[in-house]
Amino acid sequence: MAGWKAAGCLANPMTPAAEAFAWRLRGHLYRRIRDTGTVPSRAELAAGLAAADTEIDRALRFLVDACVLALDERGEVWMAHPFSAVPTPYRVETPSGAYWANCAWDALAIPLLLGTDGRTRASCPQSGTRFDLTITRGRAGPRGAVVRLAVPVRDFWDDIGFT
Amino acid sequence: MAFRSEADARAWERGRGGDPGAIVPVEVLGELSRDWYAGRLDDAWRPYSVQARQVLLKDVGLSGEFWELG
């Protein structure tokens, strides 16, 4: 078993069954977020997947090491990009529900991931102008708006809370 | 952070000093996001390789040191 390596992130090898469970947990997690608008707790993941706490722990650790998820200090899922478990300045409203995004980029990504239109209220840090970041029929707007990224992409996972 | 215009973003950077970031039109980030996040609702999703992500960035015109993954 070679483990999982992508984008500079390396997860330790696990048995094929354990790795398959980790990927299944990830898919379950994302669909729960889609359906409920909230990020499930470890206990909810264990219940939803009929799995033991130790299986959940091992799978989450694998996904963190693979740079797929970020956990908070309690070991609960904090970021499942583009979704955030905690409130942020980016509240994405869609016809099927509302979601917290980690950043402005993720605010655009959530409606695209869900295949829906979406709107996120924003306020320009320079001018104070209020505007909506939008996805309408797959296209981002408003025309002329920009997103500033502070950290080069290769360094995103050095401090994933600050990009 | 989202700005209403590139001019606003540039002015904000000038006012703060420090390293310049990357300023990207929302249309470009939308185009990138469509592929970057595709399939994440499925169990079969796996992370893209570094090379594949680099191609996605290049395909929407994001190149240069800021956008180099490797």
# chains A, B, ... in the order shown; residues from 1 in each chain; ligands from 1
$ interface_residues --of "chain B" --to "chain A" --cutoff "9 Å" --atoms "only C-alpha atoms" --output "VMD selection string"
chain B and resid 1 to 6 8 to 9 11 to 12 19 to 34 36 to 51 53 65 to 70
$ write_last_selection --atoms "C-alpha atoms" --output "PDB file, in the first residue's frame"
ATOM      1  CA  MET B   1     -11.419  38.599   0.353  1.00  0.00           C
ATOM      2  CA  ALA B   2     -13.852  39.860  -2.275  1.00  0.00           C
ATOM      3  CA  PHE B   3     -13.595  43.378  -3.694  1.00  0.00           C
ATOM      4  CA  ARG B   4     -16.080  45.141  -5.918  1.00  0.00           C
ATOM      5  CA  SER B   5     -13.342  46.014  -8.433  1.00  0.00           C
ATOM      6  CA  GLU B   6      -9.710  45.348  -9.201  1.00  0.00           C
ATOM      7  CA  ASP B   8     -10.402  48.615  -5.026  1.00  0.00           C
ATOM      8  CA  ALA B   9      -8.242  45.550  -4.416  1.00  0.00           C
ATOM      9  CA  ALA B  11      -5.841  50.357  -3.509  1.00  0.00           C
ATOM     10  CA  TRP B  12      -6.402  48.143  -0.477  1.00  0.00           C
ATOM     11  CA  ASP B  19       3.356  41.163  -0.100  1.00  0.00           C
ATOM     12  CA  PRO B  20       0.953  41.518  -2.980  1.00  0.00           C
ATOM     13  CA  GLY B  21      -1.551  38.713  -3.265  1.00  0.00           C
ATOM     14  CA  ALA B  22      -3.225  37.398  -6.369  1.00  0.00           C
ATOM     15  CA  ILE B  23      -6.231  39.330  -7.616  1.00  0.00           C
ATOM     16  CA  VAL B  24      -8.555  37.181  -9.663  1.00  0.00           C
ATOM     17  CA  PRO B  25     -11.808  38.095 -11.445  1.00  0.00           C
ATOM     18  CA  VAL B  26     -14.748  36.190 -10.002  1.00  0.00           C
ATOM     19  CA  GLU B  27     -15.542  34.832 -13.453  1.00  0.00           C
ATOM     20  CA  VAL B  28     -12.138  33.122 -13.542  1.00  0.00           C
ATOM     21  CA  LEU B  29     -12.537  31.652 -10.052  1.00  0.00           C
ATOM     22  CA  GLY B  30     -15.968  30.383 -11.010  1.00  0.00           C
ATOM     23  CA  GLU B  31     -14.583  28.711 -14.086  1.00  0.00           C
ATOM     24  CA  LEU B  32     -11.761  27.168 -12.032  1.00  0.00           C
ATOM     25  CA  SER B  33     -14.081  26.031  -9.245  1.00  0.00           C
ATOM     26  CA  ARG B  34     -16.310  24.074 -11.593  1.00  0.00           C
ATOM     27  CA  TRP B  36     -11.538  22.022  -9.009  1.00  0.00           C
ATOM     28  CA  TYR B  37     -14.518  20.908  -6.910  1.00  0.00           C
ATOM     29  CA  ALA B  38     -16.202  18.580  -9.399  1.00  0.00           C
ATOM     30  CA  GLY B  39     -17.431  15.270  -8.076  1.00  0.00           C
ATOM     31  CA  ARG B  40     -16.871  15.909  -4.377  1.00  0.00           C
ATOM     32  CA  LEU B  41     -20.319  14.658  -3.461  1.00  0.00           C
ATOM     33  CA  ASP B  42     -19.439  11.194  -4.739  1.00  0.00           C
ATOM     34  CA  ASP B  43     -17.721   8.392  -2.822  1.00  0.00           C
ATOM     35  CA  ALA B  44     -15.522   7.825  -5.863  1.00  0.00           C
ATOM     36  CA  TRP B  45     -13.944  11.277  -5.651  1.00  0.00           C
ATOM     37  CA  ARG B  46     -10.199  11.354  -5.028  1.00  0.00           C
ATOM     38  CA  PRO B  47      -7.897  14.377  -4.804  1.00  0.00           C
ATOM     39  CA  TYR B  48      -6.348  15.530  -8.023  1.00  0.00           C
ATOM     40  CA  SER B  49      -2.641  15.053  -8.437  1.00  0.00           C
ATOM     41  CA  VAL B  50      -0.406  18.112  -8.264  1.00  0.00           C
ATOM     42  CA  GLN B  51       0.030  17.907 -12.022  1.00  0.00           C
ATOM     43  CA  ARG B  53      -4.344  20.742 -10.412  1.00  0.00           C
ATOM     44  CA  GLU B  65       5.014  31.726  -9.224  1.00  0.00           C
ATOM     45  CA  PHE B  66       1.937  32.412  -7.082  1.00  0.00           C
ATOM     46  CA  TRP B  67       0.111  29.561  -8.812  1.00  0.00           C
ATOM     47  CA  GLU B  68       2.879  26.963  -8.857  1.00  0.00           C
ATOM     48  CA  LEU B  69       1.966  23.916  -6.793  1.00  0.00           C
ATOM     49  CA  GLY B  70       5.124  21.861  -7.088  1.00  0.00           C
TER      50      GLY B  70
END
$ residues_around --residues "Ser84 (chain A)" --least-positions-apart "4" --cutoff "7 Å" --atoms "only C-alpha atoms" --output "list of chain:residue names"
A:Trp78, A:Met79, A:Ala80, A:Trp100, A:Ala101, A:Asn102
$ residues_around --residues "Glu44 (chain A)" --least-positions-apart "3" --cutoff "12 Å" --atoms "only C-alpha atoms" --output "number ranges by chain"
A: 25, 28-29, 32-33, 38-41, 47-53, 56, 76-77
$ select_by_dssp --residues "chain B" --states "alpha helix (DSSP H)" --output "ChimeraX atom specification"
/B:6-16,26-36,50-59
$ write_last_selection --atoms "N, CA and C atoms" --output "compact mmCIF listing (two decimals), in the first residue's frame"
# COMPACT_ATOMS: atom_id res chain seq x y z
N GLU B 6 -11.16 45.54 -9.29
CA GLU B 6 -9.71 45.35 -9.20
C GLU B 6 -9.05 46.61 -8.64
N ALA B 7 -9.55 47.76 -9.03
CA ALA B 7 -8.98 49.02 -8.53
C ALA B 7 -9.11 49.09 -7.01
N ASP B 8 -10.23 48.64 -6.48
CA ASP B 8 -10.40 48.61 -5.03
C ASP B 8 -9.38 47.68 -4.39
N ALA B 9 -9.18 46.52 -4.98
CA ALA B 9 -8.24 45.55 -4.42
C ALA B 9 -6.82 46.10 -4.44
N ARG B 10 -6.45 46.74 -5.55
CA ARG B 10 -5.10 47.32 -5.65
C ARG B 10 -4.92 48.44 -4.62
N ALA B 11 -5.92 49.26 -4.47
CA ALA B 11 -5.84 50.36 -3.51
C ALA B 11 -5.72 49.81 -2.09
N TRP B 12 -6.46 48.77 -1.81
CA TRP B 12 -6.40 48.14 -0.48
C TRP B 12 -5.00 47.59 -0.21
N GLU B 13 -4.42 46.95 -1.21
CA GLU B 13 -3.05 46.41 -1.06
C GLU B 13 -2.05 47.53 -0.83
N ARG B 14 -2.18 48.60 -1.60
CA ARG B 14 -1.24 49.73 -1.45
C ARG B 14 -1.34 50.31 -0.04
N GLY B 15 -2.54 50.35 0.49
CA GLY B 15 -2.75 50.93 1.80
C GLY B 15 -2.21 50.10 2.94
N ARG B 16 -1.97 48.83 2.67
CA ARG B 16 -1.53 47.94 3.75
C ARG B 16 -0.06 47.55 3.65
N VAL B 26 -13.86 37.25 -10.49
CA VAL B 26 -14.75 36.19 -10.00
C VAL B 26 -15.13 35.22 -11.12
N GLU B 27 -15.20 35.73 -12.34
CA GLU B 27 -15.54 34.83 -13.45
C GLU B 27 -14.49 33.73 -13.61
N VAL B 28 -13.22 34.10 -13.41
CA VAL B 28 -12.14 33.12 -13.54
C VAL B 28 -12.20 32.11 -12.40
N LEU B 29 -12.44 32.59 -11.18
CA LEU B 29 -12.54 31.65 -10.05
C LEU B 29 -13.74 30.72 -10.20
N GLY B 30 -14.81 31.24 -10.76
CA GLY B 30 -15.97 30.38 -11.01
C GLY B 30 -15.64 29.29 -12.01
N GLU B 31 -14.96 29.69 -13.06
CA GLU B 31 -14.58 28.71 -14.09
C GLU B 31 -13.65 27.65 -13.49
N LEU B 32 -12.69 28.10 -12.68
CA LEU B 32 -11.76 27.17 -12.03
C LEU B 32 -12.50 26.24 -11.08
N SER B 33 -13.40 26.81 -10.28
CA SER B 33 -14.08 26.03 -9.25
C SER B 33 -14.90 24.89 -9.82
N ARG B 34 -15.44 25.10 -10.99
CA ARG B 34 -16.31 24.07 -11.59
C ARG B 34 -15.56 22.74 -11.69
N ASP B 35 -14.31 22.80 -12.13
CA ASP B 35 -13.53 21.57 -12.25
C ASP B 35 -12.81 21.22 -10.95
N TRP B 36 -12.33 22.24 -10.24
CA TRP B 36 -11.54 22.02 -9.01
C TRP B 36 -12.36 21.24 -7.99
N VAL B 50 -0.97 16.77 -8.12
CA VAL B 50 -0.41 18.11 -8.26
C VAL B 50 -0.43 18.52 -9.74
N GLN B 51 -0.04 17.59 -10.60
CA GLN B 51 0.03 17.91 -12.02
C GLN B 51 -1.35 18.25 -12.57
N ALA B 52 -2.34 17.49 -12.16
CA ALA B 52 -3.70 17.74 -12.67
C ALA B 52 -4.21 19.10 -12.18
N ARG B 53 -3.91 19.43 -10.92
CA ARG B 53 -4.34 20.74 -10.41
C ARG B 53 -3.64 21.87 -11.15
N GLN B 54 -2.37 21.64 -11.47
CA GLN B 54 -1.65 22.68 -12.19
C GLN B 54 -2.27 22.93 -13.55
N VAL B 55 -2.71 21.86 -14.19
CA VAL B 55 -3.36 22.00 -15.50
C VAL B 55 -4.67 22.78 -15.36
N LEU B 56 -5.43 22.50 -14.30
CA LEU B 56 -6.68 23.23 -14.09
C LEU B 56 -6.41 24.73 -13.94
N LEU B 57 -5.37 25.06 -13.19
CA LEU B 57 -5.03 26.48 -13.01
C LEU B 57 -4.62 27.11 -14.34
N LYS B 58 -3.77 26.40 -15.05
CA LYS B 58 -3.27 26.92 -16.32
C LYS B 58 -4.42 27.11 -17.33
N ASP B 59 -5.35 26.18 -17.31
CA ASP B 59 -6.46 26.23 -18.27
C ASP B 59 -7.31 27.49 -18.13
$ select_by_dssp --residues "chain B" --states "strand (DSSP E)" --output "MDAnalysis selection string"
chainID B and resid 2:3 22:25
$ write_last_selection --atoms "C-alpha atoms" --output "compact mmCIF listing (two decimals), in the first residue's frame"
# COMPACT_ATOMS: atom_id res chain seq x y z
CA ALA B 2 -13.85 39.86 -2.27
CA PHE B 3 -13.60 43.38 -3.69
CA ALA B 22 -3.23 37.40 -6.37
CA ILE B 23 -6.23 39.33 -7.62
CA VAL B 24 -8.56 37.18 -9.66
CA PRO B 25 -11.81 38.09 -11.45
$ atom_distance --atom1 "CA of Arg58 (chain A)" --atom2 "CA of Asn12 (chain A)"
10.5 Å
$ atom_distance --atom1 "CA of Ser96 (chain A)" --atom2 "CA of Gly37 (chain A)"
9.1 Å
$ atom_distance --atom1 "CA of Thr36 (chain A)" --atom2 "CA of Gly75 (chain A)"
20.6 Å
